[in-house]
file target-v6.pdb (PDB, C-alpha atoms)
MODEL        1
ATOM      1  CA  GLY A 158     198.515  21.054  81.690  1.00  0.00           C
ATOM      2  CA  ASN A 159     196.948  23.154  84.469  1.00  0.00           C
ATOM      3  CA  MET A 160     197.372  26.577  82.826  1.00  0.00           C
ATOM      4  CA  PRO A 161     194.206  26.247  80.649  1.00  0.00           C
ATOM      5  CA  ILE A 162     192.216  25.404  83.794  1.00  0.00           C
ATOM      6  CA  PHE A 163     193.697  28.450  85.522  1.00  0.00           C
ATOM      7  CA  PHE A 164     192.730  30.619  82.549  1.00  0.00           C
ATOM      8  CA  GLY A 165     189.119  29.501  82.799  1.00  0.00           C
ATOM      9  CA  MET A 166     188.984  30.129  86.545  1.00  0.00           C
ATOM     10  CA  ALA A 167     190.653  33.531  86.265  1.00  0.00           C
ATOM     11  CA  ILE A 168     188.434  34.814  83.463  1.00  0.00           C
ATOM     12  CA  TYR A 169     185.382  33.534  85.338  1.00  0.00           C
ATOM     13  CA  SER A 170     186.040  36.257  87.913  1.00  0.00           C
ATOM     14  CA  TYR A 171     184.713  38.737  85.362  1.00  0.00           C
ATOM     15  CA  GLU A 172     181.469  36.918  84.664  1.00  0.00           C
ATOM     16  CA  GLY A 173     179.606  40.077  85.709  1.00  0.00           C
ATOM     17  CA  ILE A 174     180.697  41.841  82.500  1.00  0.00           C
ATOM     18  CA  GLY A 175     177.299  41.048  80.980  1.00  0.00           C
ATOM     19  CA  LEU A 176     175.612  43.231  83.607  1.00  0.00           C
ATOM     20  CA  VAL A 177     177.420  46.439  82.663  1.00  0.00           C
ATOM     21  CA  LEU A 178     175.104  47.646  79.885  1.00  0.00           C
ATOM     22  CA  PRO A 179     171.820  46.715  81.637  1.00  0.00           C
ATOM     23  CA  LEU A 180     172.960  48.433  84.825  1.00  0.00           C
ATOM     24  CA  ARG A 181     174.114  51.464  82.869  1.00  0.00           C
ATOM     25  CA  ALA A 182     170.650  51.745  81.355  1.00  0.00           C
ATOM     26  CA  GLU A 183     169.155  51.821  84.876  1.00  0.00           C
ATOM     27  CA  MET A 184     171.588  54.429  86.273  1.00  0.00           C
ATOM     28  CA  HIS A 185     170.427  57.959  87.041  1.00  0.00           C
ATOM     29  CA  GLU A 186     173.740  59.284  85.678  1.00  0.00           C
ATOM     30  CA  PRO A 187     174.909  56.891  82.927  1.00  0.00           C
ATOM     31  CA  ALA A 188     177.877  59.139  82.132  1.00  0.00           C
ATOM     32  CA  LYS A 189     179.508  57.989  85.378  1.00  0.00           C
ATOM     33  CA  CYS A 190     179.198  54.314  84.476  1.00  0.00           C
ATOM     34  CA  SER A 191     182.857  54.014  83.447  1.00  0.00           C
ATOM     35  CA  TYR A 192     184.015  55.215  86.866  1.00  0.00           C
ATOM     36  CA  VAL A 193     181.692  52.788  88.629  1.00  0.00           C
ATOM     37  CA  VAL A 194     182.796  49.860  86.444  1.00  0.00           C
ATOM     38  CA  SER A 195     186.495  50.695  86.826  1.00  0.00           C
ATOM     39  CA  GLY A 196     186.144  50.982  90.583  1.00  0.00           C
ATOM     40  CA  GLY A 197     184.181  47.757  90.795  1.00  0.00           C
ATOM     41  CA  ILE A 198     186.718  45.831  88.716  1.00  0.00           C
ATOM     42  CA  LEU A 199     189.550  47.193  90.863  1.00  0.00           C
ATOM     43  CA  VAL A 200     187.815  46.087  94.058  1.00  0.00           C
ATOM     44  CA  VAL A 201     187.128  42.632  92.577  1.00  0.00           C
ATOM     45  CA  LEU A 202     190.734  42.303  91.389  1.00  0.00           C
ATOM     46  CA  VAL A 203     192.233  43.222  94.756  1.00  0.00           C
ATOM     47  CA  GLY A 204     189.777  41.008  96.616  1.00  0.00           C
ATOM     48  CA  GLN A 205     190.366  37.996  94.358  1.00  0.00           C
ATOM     49  CA  VAL A 206     194.167  38.311  94.535  1.00  0.00           C
ATOM     50  CA  LEU A 207     194.228  38.733  98.315  1.00  0.00           C
ATOM     51  CA  PHE A 208     191.724  35.941  98.925  1.00  0.00           C
ATOM     52  CA  GLY A 209     193.552  33.521  96.630  1.00  0.00           C
ATOM     53  CA  ALA A 210     197.017  34.414  97.924  1.00  0.00           C
ATOM     54  CA  LEU A 211     196.069  34.186 101.603  1.00  0.00           C
ATOM     55  CA  GLY A 212     194.255  30.907 101.018  1.00  0.00           C
ATOM     56  CA  PHE A 213     197.267  29.382  99.282  1.00  0.00           C
ATOM     57  CA  LEU A 214     199.699  30.659 101.922  1.00  0.00           C
ATOM     58  CA  CYS A 215     197.527  29.098 104.613  1.00  0.00           C
ATOM     59  CA  PHE A 216     196.738  25.683 103.095  1.00  0.00           C
ATOM     60  CA  LYS A 217     199.398  25.339 100.353  1.00  0.00           C
ATOM     61  CA  TYR A 218     198.695  22.492  97.899  1.00  0.00           C
ATOM     62  CA  ASP A 219     196.098  20.925 100.199  1.00  0.00           C
ATOM     63  CA  ILE A 220     193.654  23.707  99.402  1.00  0.00           C
ATOM     64  CA  ALA A 221     190.207  22.449  98.369  1.00  0.00           C
ATOM     65  CA  ALA A 222     188.133  23.580  95.397  1.00  0.00           C
ATOM     66  CA  ILE A 223     185.962  25.525  97.869  1.00  0.00           C
ATOM     67  CA  ILE A 224     188.241  26.951 100.515  1.00  0.00           C
ATOM     68  CA  THR A 225     185.602  26.716 103.237  1.00  0.00           C
ATOM     69  CA  PHE A 226     186.047  22.928 103.050  1.00  0.00           C
ATOM     70  CA  ASN A 227     189.550  23.441 104.475  1.00  0.00           C
ATOM     71  CA  LEU A 228     188.173  25.085 107.585  1.00  0.00           C
ATOM     72  CA  SER A 229     187.589  23.176 110.774  1.00  0.00           C
ATOM     73  CA  LYS A 230     184.166  21.823 111.665  1.00  0.00           C
ATOM     74  CA  GLY A 231     183.890  24.207 114.605  1.00  0.00           C
ATOM     75  CA  VAL A 232     181.911  27.390 115.025  1.00  0.00           C
ATOM     76  CA  ILE A 233     184.201  29.555 112.856  1.00  0.00           C
ATOM     77  CA  GLY A 234     184.099  27.106 109.961  1.00  0.00           C
ATOM     78  CA  SER A 235     180.311  26.828 110.155  1.00  0.00           C
ATOM     79  CA  ILE A 236     179.920  30.613 110.227  1.00  0.00           C
ATOM     80  CA  ALA A 237     182.165  30.945 107.159  1.00  0.00           C
ATOM     81  CA  GLN A 238     180.146  28.367 105.200  1.00  0.00           C
ATOM     82  CA  ILE A 239     176.878  30.025 106.178  1.00  0.00           C
ATOM     83  CA  ALA A 240     178.274  33.416 105.102  1.00  0.00           C
ATOM     84  CA  VAL A 241     179.328  32.054 101.699  1.00  0.00           C
ATOM     85  CA  SER A 242     175.930  30.405 101.195  1.00  0.00           C
ATOM     86  CA  LEU A 243     174.198  33.651 102.141  1.00  0.00           C
ATOM     87  CA  CYS A 244     176.325  35.618  99.655  1.00  0.00           C
ATOM     88  CA  VAL A 245     175.410  33.218  96.849  1.00  0.00           C
ATOM     89  CA  TYR A 246     171.734  33.345  97.825  1.00  0.00           C
ATOM     90  CA  LEU A 247     171.621  37.149  97.880  1.00  0.00           C
ATOM     91  CA  THR A 248     173.478  37.599  94.580  1.00  0.00           C
ATOM     92  CA  TYR A 249     171.308  35.175  92.588  1.00  0.00           C
ATOM     93  CA  PRO A 250     168.790  37.893  91.627  1.00  0.00           C
ATOM     94  CA  LEU A 251     171.628  40.069  90.335  1.00  0.00           C
ATOM     95  CA  MET A 252     173.172  37.249  88.308  1.00  0.00           C
ATOM     96  CA  PHE A 253     169.782  36.401  86.774  1.00  0.00           C
ATOM     97  CA  TYR A 254     168.961  40.028  85.938  1.00  0.00           C
ATOM     98  CA  VAL A 255     169.940  39.742  82.278  1.00  0.00           C
ATOM     99  CA  PRO A 256     168.671  36.217  81.430  1.00  0.00           C
ATOM    100  CA  VAL A 257     165.348  36.816  83.211  1.00  0.00           C
ATOM    101  CA  ASN A 258     164.798  40.076  81.314  1.00  0.00           C
ATOM    102  CA  ILE A 259     165.449  38.301  78.017  1.00  0.00           C
ATOM    103  CA  LEU A 260     163.527  35.089  78.679  1.00  0.00           C
ATOM    104  CA  ASN A 261     160.657  36.686  80.566  1.00  0.00           C
ATOM    105  CA  LYS A 262     159.367  38.529  77.500  1.00  0.00           C
ATOM    106  CA  GLN A 263     159.294  35.342  75.451  1.00  0.00           C
ATOM    107  CA  ALA A 264     157.752  33.355  78.297  1.00  0.00           C
ATOM    108  CA  ARG A 265     154.961  35.917  78.740  1.00  0.00           C
ATOM    109  CA  ARG A 266     154.066  35.704  75.057  1.00  0.00           C
ATOM    110  CA  LYS A 267     154.062  31.904  75.110  1.00  0.00           C
ATOM    111  CA  PHE A 268     152.095  31.602  78.373  1.00  0.00           C
ATOM    112  CA  SER A 269     149.870  34.650  77.966  1.00  0.00           C
ATOM    113  CA  HIS A 270     146.958  32.895  79.689  1.00  0.00           C
ATOM    114  CA  PHE A 271     148.868  33.100  82.999  1.00  0.00           C
ATOM    115  CA  THR A 272     149.540  36.242  85.010  1.00  0.00           C
ATOM    116  CA  SER A 273     152.881  38.020  84.598  1.00  0.00           C
ATOM    117  CA  PHE A 274     153.804  37.238  88.198  1.00  0.00           C
ATOM    118  CA  THR A 275     153.152  33.514  87.741  1.00  0.00           C
ATOM    119  CA  VAL A 276     155.224  33.316  84.550  1.00  0.00           C
ATOM    120  CA  GLU A 277     158.179  35.191  86.017  1.00  0.00           C
ATOM    121  CA  PHE A 278     158.006  33.239  89.275  1.00  0.00           C
ATOM    122  CA  TRP A 279     158.194  29.832  87.601  1.00  0.00           C
ATOM    123  CA  LEU A 280     160.813  31.064  85.158  1.00  0.00           C
ATOM    124  CA  ARG A 281     163.071  32.048  88.044  1.00  0.00           C
ATOM    125  CA  VAL A 282     162.371  28.771  89.836  1.00  0.00           C
ATOM    126  CA  SER A 283     163.262  26.842  86.667  1.00  0.00           C
ATOM    127  CA  LEU A 284     166.533  28.725  86.222  1.00  0.00           C
ATOM    128  CA  VAL A 285     167.538  28.150  89.841  1.00  0.00           C
ATOM    129  CA  MET A 286     166.709  24.444  89.603  1.00  0.00           C
ATOM    130  CA  LEU A 287     168.645  24.196  86.338  1.00  0.00           C
ATOM    131  CA  THR A 288     171.794  25.609  87.916  1.00  0.00           C
ATOM    132  CA  PHE A 289     171.257  23.357  90.932  1.00  0.00           C
ATOM    133  CA  MET A 290     171.035  20.243  88.744  1.00  0.00           C
ATOM    134  CA  ILE A 291     174.162  21.236  86.846  1.00  0.00           C
ATOM    135  CA  ALA A 292     176.018  21.660  90.137  1.00  0.00           C
ATOM    136  CA  VAL A 293     174.841  18.216  91.276  1.00  0.00           C
ATOM    137  CA  LEU A 294     175.794  16.503  88.019  1.00  0.00           C
ATOM    138  CA  ILE A 295     179.245  18.132  88.037  1.00  0.00           C
ATOM    139  CA  PRO A 296     180.176  18.095  91.735  1.00  0.00           C
ATOM    140  CA  HIS A 297     183.738  19.335  91.171  1.00  0.00           C
ATOM    141  CA  ILE A 298     183.037  23.046  91.296  1.00  0.00           C
ATOM    142  CA  ASP A 299     186.575  23.994  90.215  1.00  0.00           C
ATOM    143  CA  LEU A 300     186.183  22.164  86.898  1.00  0.00           C
ATOM    144  CA  PHE A 301     182.703  23.595  86.366  1.00  0.00           C
ATOM    145  CA  ILE A 302     183.982  27.138  86.969  1.00  0.00           C
ATOM    146  CA  ALA A 303     186.895  26.543  84.589  1.00  0.00           C
ATOM    147  CA  LEU A 304     184.516  25.254  81.904  1.00  0.00           C
ATOM    148  CA  ILE A 305     182.095  28.178  82.199  1.00  0.00           C
ATOM    149  CA  GLY A 306     184.963  30.663  82.392  1.00  0.00           C
ATOM    150  CA  ALA A 307     186.710  29.356  79.292  1.00  0.00           C
ATOM    151  CA  LEU A 308     183.533  28.796  77.276  1.00  0.00           C
ATOM    152  CA  ALA A 309     181.362  31.783  78.188  1.00  0.00           C
ATOM    153  CA  SER A 310     183.293  34.375  80.195  1.00  0.00           C
ATOM    154  CA  SER A 311     186.133  34.566  77.675  1.00  0.00           C
ATOM    155  CA  SER A 312     183.589  35.385  74.975  1.00  0.00           C
ATOM    156  CA  LEU A 313     181.900  38.045  77.094  1.00  0.00           C
ATOM    157  CA  ALA A 314     185.123  39.612  78.348  1.00  0.00           C
ATOM    158  CA  LEU A 315     187.673  39.150  75.548  1.00  0.00           C
ATOM    159  CA  ILE A 316     185.991  38.310  72.238  1.00  0.00           C
ATOM    160  CA  PHE A 317     182.681  40.162  71.860  1.00  0.00           C
ATOM    161  CA  PRO A 318     183.666  43.595  73.333  1.00  0.00           C
ATOM    162  CA  PRO A 319     186.533  44.284  70.890  1.00  0.00           C
ATOM    163  CA  MET A 320     184.458  42.815  68.048  1.00  0.00           C
ATOM    164  CA  VAL A 321     181.591  45.207  68.777  1.00  0.00           C
ATOM    165  CA  TYR A 322     184.039  48.086  69.207  1.00  0.00           C
ATOM    166  CA  ILE A 323     185.498  47.480  65.755  1.00  0.00           C
ATOM    167  CA  MET A 324     182.071  47.194  64.124  1.00  0.00           C
ATOM    168  CA  VAL A 325     180.600  50.289  65.798  1.00  0.00           C
ATOM    169  CA  PHE A 326     183.459  52.805  66.082  1.00  0.00           C
ATOM    170  CA  ARG A 327     185.581  51.839  63.046  1.00  0.00           C
ATOM    171  CA  PRO A 328     188.884  52.520  64.896  1.00  0.00           C
ATOM    172  CA  THR A 329     192.289  53.245  63.398  1.00  0.00           C
ATOM    173  CA  ILE A 330     194.648  50.481  62.279  1.00  0.00           C
ATOM    174  CA  GLY A 331     196.554  50.622  65.576  1.00  0.00           C
ATOM    175  CA  LYS A 332     193.485  50.260  67.781  1.00  0.00           C
ATOM    176  CA  ARG A 333     192.047  47.648  65.455  1.00  0.00           C
ATOM    177  CA  SER A 334     195.249  45.618  65.750  1.00  0.00           C
ATOM    178  CA  VAL A 335     195.047  45.736  69.534  1.00  0.00           C
ATOM    179  CA  CYS A 336     191.419  44.599  69.391  1.00  0.00           C
ATOM    180  CA  MET A 337     192.337  41.748  67.067  1.00  0.00           C
ATOM    181  CA  LEU A 338     195.098  40.603  69.429  1.00  0.00           C
ATOM    182  CA  ILE A 339     192.676  40.626  72.358  1.00  0.00           C
ATOM    183  CA  MET A 340     190.156  38.640  70.318  1.00  0.00           C
ATOM    184  CA  LEU A 341     192.817  36.144  69.237  1.00  0.00           C
ATOM    185  CA  PHE A 342     193.921  35.670  72.847  1.00  0.00           C
ATOM    186  CA  GLY A 343     190.302  35.126  73.866  1.00  0.00           C
ATOM    187  CA  VAL A 344     189.634  32.597  71.101  1.00  0.00           C
ATOM    188  CA  VAL A 345     192.789  30.586  71.855  1.00  0.00           C
ATOM    189  CA  GLY A 346     192.077  30.674  75.585  1.00  0.00           C
ATOM    190  CA  ALA A 347     188.450  29.661  75.034  1.00  0.00           C
ATOM    191  CA  VAL A 348     189.303  26.696  72.787  1.00  0.00           C
ATOM    192  CA  VAL A 349     192.211  25.378  74.861  1.00  0.00           C
ATOM    193  CA  GLY A 350     190.559  26.092  78.221  1.00  0.00           C
ATOM    194  CA  THR A 351     187.274  24.455  77.227  1.00  0.00           C
ATOM    195  CA  THR A 352     189.088  21.416  75.841  1.00  0.00           C
ATOM    196  CA  TYR A 353     191.129  20.839  78.996  1.00  0.00           C
ATOM    197  CA  ALA A 354     188.173  21.524  81.302  1.00  0.00           C
ATOM    198  CA  LEU A 355     186.071  18.938  79.468  1.00  0.00           C
ATOM    199  CA  LYS A 356     188.998  16.526  79.543  1.00  0.00           C
ATOM    200  CA  ASP A 357     189.360  16.876  83.319  1.00  0.00           C
ATOM    201  CA  ILE A 358     185.610  16.445  83.819  1.00  0.00           C
ATOM    202  CA  VAL A 359     185.699  13.235  81.761  1.00  0.00           C
ATOM    203  CA  CYS A 360     188.741  12.051  83.728  1.00  0.00           C
ATOM    204  CA  VAL A 361     187.064  12.629  87.088  1.00  0.00           C
ATOM    205  CA  LEU A 362     183.804  10.987  86.007  1.00  0.00           C
ATOM    206  CA  SER A 363     185.839   8.005  84.727  1.00  0.00           C
ATOM    207  CA  GLY A 364     187.666   7.624  88.036  1.00  0.00           C
ATOM    208  CA  LEU A 365     190.981   8.883  86.664  1.00  0.00           C
ATOM    209  CA  PRO A 366     193.079  11.712  88.142  1.00  0.00           C
ATOM    210  CA  LYS A 367     192.551  15.174  86.719  1.00  0.00           C
ATOM    211  CA  GLY A 368     195.326  17.458  85.519  1.00  0.00           C
ATOM    212  CA  GLY A 369     198.138  16.727  83.145  1.00  0.00           C
ATOM    213  CA  ASP A 370     198.113  16.532  79.390  1.00  0.00           C
ATOM    214  CA  TRP A 371     195.618  14.946  77.017  1.00  0.00           C
ATOM    215  CA  PRO A 372     194.319  12.204  77.172  1.00  0.00           C
ATOM    216  CA  CYS A 373     193.336  10.914  80.620  1.00  0.00           C
ATOM    217  CA  LYS A 374     195.850   8.460  81.989  1.00  0.00           C
ATOM    218  CA  PRO A 375     195.637   6.175  85.040  1.00  0.00           C
ATOM    219  CA  PRO A 376     198.202   6.738  87.834  1.00  0.00           C
ATOM    220  CA  PRO A 377     201.570   4.976  87.321  1.00  0.00           C
ATOM    221  CA  ASP A 378     200.938   2.446  90.124  1.00  0.00           C
ATOM    222  CA  ALA A 379     197.490   1.464  88.794  1.00  0.00           C
TER     223      ALA A 379
ENDMDL
END
call {"tool": "encode", "arguments": {"input": "target-v6.pdb", "output": "structure tokens"}}
result
Amino acid sequence: GNMPIFFGMAIYSYEGIGLVLPLRAEMHEPAKCSYVVSGGILVVLVGQVLFGALGFLCFKYDIAAIITFNLSKGVIGSIAQIAVSLCVYLTYPLMFYVPVNILNKQARRKFSHFTSFTVEFWLRVSLVMLTFMIAVLIPHIDLFIALIGALASSSLALIFPPMVYIMVFRPTIGKRSVCMLIMLFGVVGAVVGTTYALKDIVCVLSGLPKGGDWPCKPPPDA
């Protein structure tokens, strides 16, 4: 019952896949983009595995959805929480690079009587407030990450890339078969992961324990 949730969380680690093409367009030497992307993915993979493994070895099954919550309330724990908050704050502009570029053009046309700075400023404020409200409405960050990972990241990382590759490059039967398998894995993971993530969110909001199979069930001693 927990494997679909794990799939969503794991694939969420590659949510930055949507930044590859925009960043490649801004590079001075786009031909080296593949080396940069491969190196970046390797660093992310090693960091995620080490961070997750060390956290589990330290706190076992008592580990919280945000590992900083497991730290003590002393100076070290406070510094760690401040560092995590600072990382999120500083990476927000990077994460919003693509959506702001897309929405800003439409917003400027719709609100042409305002200056470009004013339109972009309030667009960014609106996007930040939107993500903030979503985080407040779904306080269990692990379930939210699993939902976004299964619903969106699987499409960006596993479904759309091989689909575009087939349509653009017209590969051989062998490569096309591999692409189809990757797409099938992404579709199955997206459907099952999204279903179980939504189920766990409904369970938590209903006061029932998360995890396990469908549907939500009260604890045996209830």
call {"tool": "residues_around", "arguments": {"input": "target-v6.pdb", "residues": "stretch 196-213 of chain A", "least_positions_apart": "5", "cutoff": "9 Å", "atoms": "all atoms listed in the file", "output": "PDB file with C-alpha atoms, keeping the file's coordinate frame"}}
result
ATOM      1  CA  SER A 170     186.040  36.257  87.913  1.00  0.00           C
ATOM      2  CA  TYR A 171     184.713  38.737  85.362  1.00  0.00           C
ATOM      3  CA  SER A 191     182.857  54.014  83.447  1.00  0.00           C
ATOM      4  CA  TYR A 218     198.695  22.492  97.899  1.00  0.00           C
ATOM      5  CA  ASP A 219     196.098  20.925 100.199  1.00  0.00           C
ATOM      6  CA  ILE A 220     193.654  23.707  99.402  1.00  0.00           C
ATOM      7  CA  ILE A 224     188.241  26.951 100.515  1.00  0.00           C
TER       8      ILE A 224
END
call {"tool": "axis_aligned_box", "arguments": {"input": "target-v6.pdb", "around": "stretch 285-291 of chain A", "padding_each_side": "4 Å", "output": "lines of an AutoDock Vina configuration file"}}
result
center_x = 170.4
center_y = 24.2
center_z = 88.6
size_x = 15.5
size_y = 15.9
size_z = 12.6
call {"tool": "closest_residue", "arguments": {"input": "target-v6.pdb", "among": "A:Val345, A:Val193, A:Leu176, A:Ile168", "to": "A:Ala309", "atoms": "only C-alpha atoms"}}
result
A:Ile168
call {"tool": "residues_around", "arguments": {"input": "target-v6.pdb", "residues": "stretch 290-299 of chain A", "least_positions_apart": "3", "cutoff": "12 Å", "atoms": "all atoms listed in the file", "output": "ChimeraX atom specification"}}
result
/A:159,162-167,169,220-224,283-287,302-306,354-355,357-362,367-368
call {"tool": "write_last_selection", "arguments": {"input": "target-v6.pdb", "atoms": "C-alpha atoms", "output": "compact mmCIF listing (two decimals), in the coordinates of the input"}}
result
# COMPACT_ATOMS: atom_id res chain seq x y z
CA ASN A 159 196.95 23.15 84.47
CA ILE A 162 192.22 25.40 83.79
CA PHE A 163 193.70 28.45 85.52
CA PHE A 164 192.73 30.62 82.55
CA GLY A 165 189.12 29.50 82.80
CA MET A 166 188.98 30.13 86.54
CA ALA A 167 190.65 33.53 86.26
CA TYR A 169 185.38 33.53 85.34
CA ILE A 220 193.65 23.71 99.40
CA ALA A 221 190.21 22.45 98.37
CA ALA A 222 188.13 23.58 95.40
CA ILE A 223 185.96 25.52 97.87
CA ILE A 224 188.24 26.95 100.52
CA SER A 283 163.26 26.84 86.67
CA LEU A 284 166.53 28.72 86.22
CA VAL A 285 167.54 28.15 89.84
CA MET A 286 166.71 24.44 89.60
CA LEU A 287 168.64 24.20 86.34
CA ILE A 302 183.98 27.14 86.97
CA ALA A 303 186.90 26.54 84.59
CA LEU A 304 184.52 25.25 81.90
CA ILE A 305 182.10 28.18 82.20
CA GLY A 306 184.96 30.66 82.39
CA ALA A 354 188.17 21.52 81.30
CA LEU A 355 186.07 18.94 79.47
CA ASP A 357 189.36 16.88 83.32
CA ILE A 358 185.61 16.44 83.82
CA VAL A 359 185.70 13.24 81.76
CA CYS A 360 188.74 12.05 83.73
CA VAL A 361 187.06 12.63 87.09
CA LEU A 362 183.80 10.99 86.01
CA LYS A 367 192.55 15.17 86.72
CA GLY A 368 195.33 17.46 85.52
call {"tool": "residues_around", "arguments": {"input": "target-v6.pdb", "residues": "stretch 266-281 of chain A", "least_positions_apart": "2", "cutoff": "12 Å", "atoms": "only C-alpha atoms", "output": "number ranges by chain"}}
result
A: 249-264, 283-288
call {"tool": "atom_distance", "arguments": {"input": "target-v6.pdb", "atom1": "atom CA of A:Phe317", "atom2": "atom CA of A:Ser195"}}
result
18.7 Å
call {"tool": "atom_distance", "arguments": {"input": "target-v6.pdb", "atom1": "atom CA of A:Gln238", "atom2": "atom CA of A:Thr225"}}
result
6.0 Å
call {"tool": "atom_distance", "arguments": {"input": "target-v6.pdb", "atom1": "atom CA of A:Arg265", "atom2": "atom CA of A:Ser310"}}
result
28.4 Å
call {"tool": "residues_around", "arguments": {"input": "target-v6.pdb", "residues": "A:Leu315", "least_positions_apart": "2", "cutoff": "7 Å", "atoms": "all atoms listed in the file", "output": "VMD selection string"}}
result
chain A and resid 311 to 313 317 to 318 339 to 340 343
call {"tool": "closest_residue", "arguments": {"input": "target-v6.pdb", "among": "A:Leu228, A:Val325, A:Leu308, A:Leu180", "to": "A:Thr351", "atoms": "only C-alpha atoms"}}
result
A:Leu308
call {"tool": "residues_around", "arguments": {"input": "target-v6.pdb", "residues": "A:Lys332", "least_positions_apart": "6", "cutoff": "12 Å", "atoms": "all atoms listed in the file", "output": "list in words"}}
result
Pro319, Met320, Tyr322, Ile323, Phe326, Leu338 and Ile339 of chain A
call {"tool": "closest_residue", "arguments": {"input": "target-v6.pdb", "among": "A:Cys190, A:Ala314, A:Ala307, A:Leu247", "to": "A:Leu178", "atoms": "all atoms listed in the file"}}
result
A:Cys190
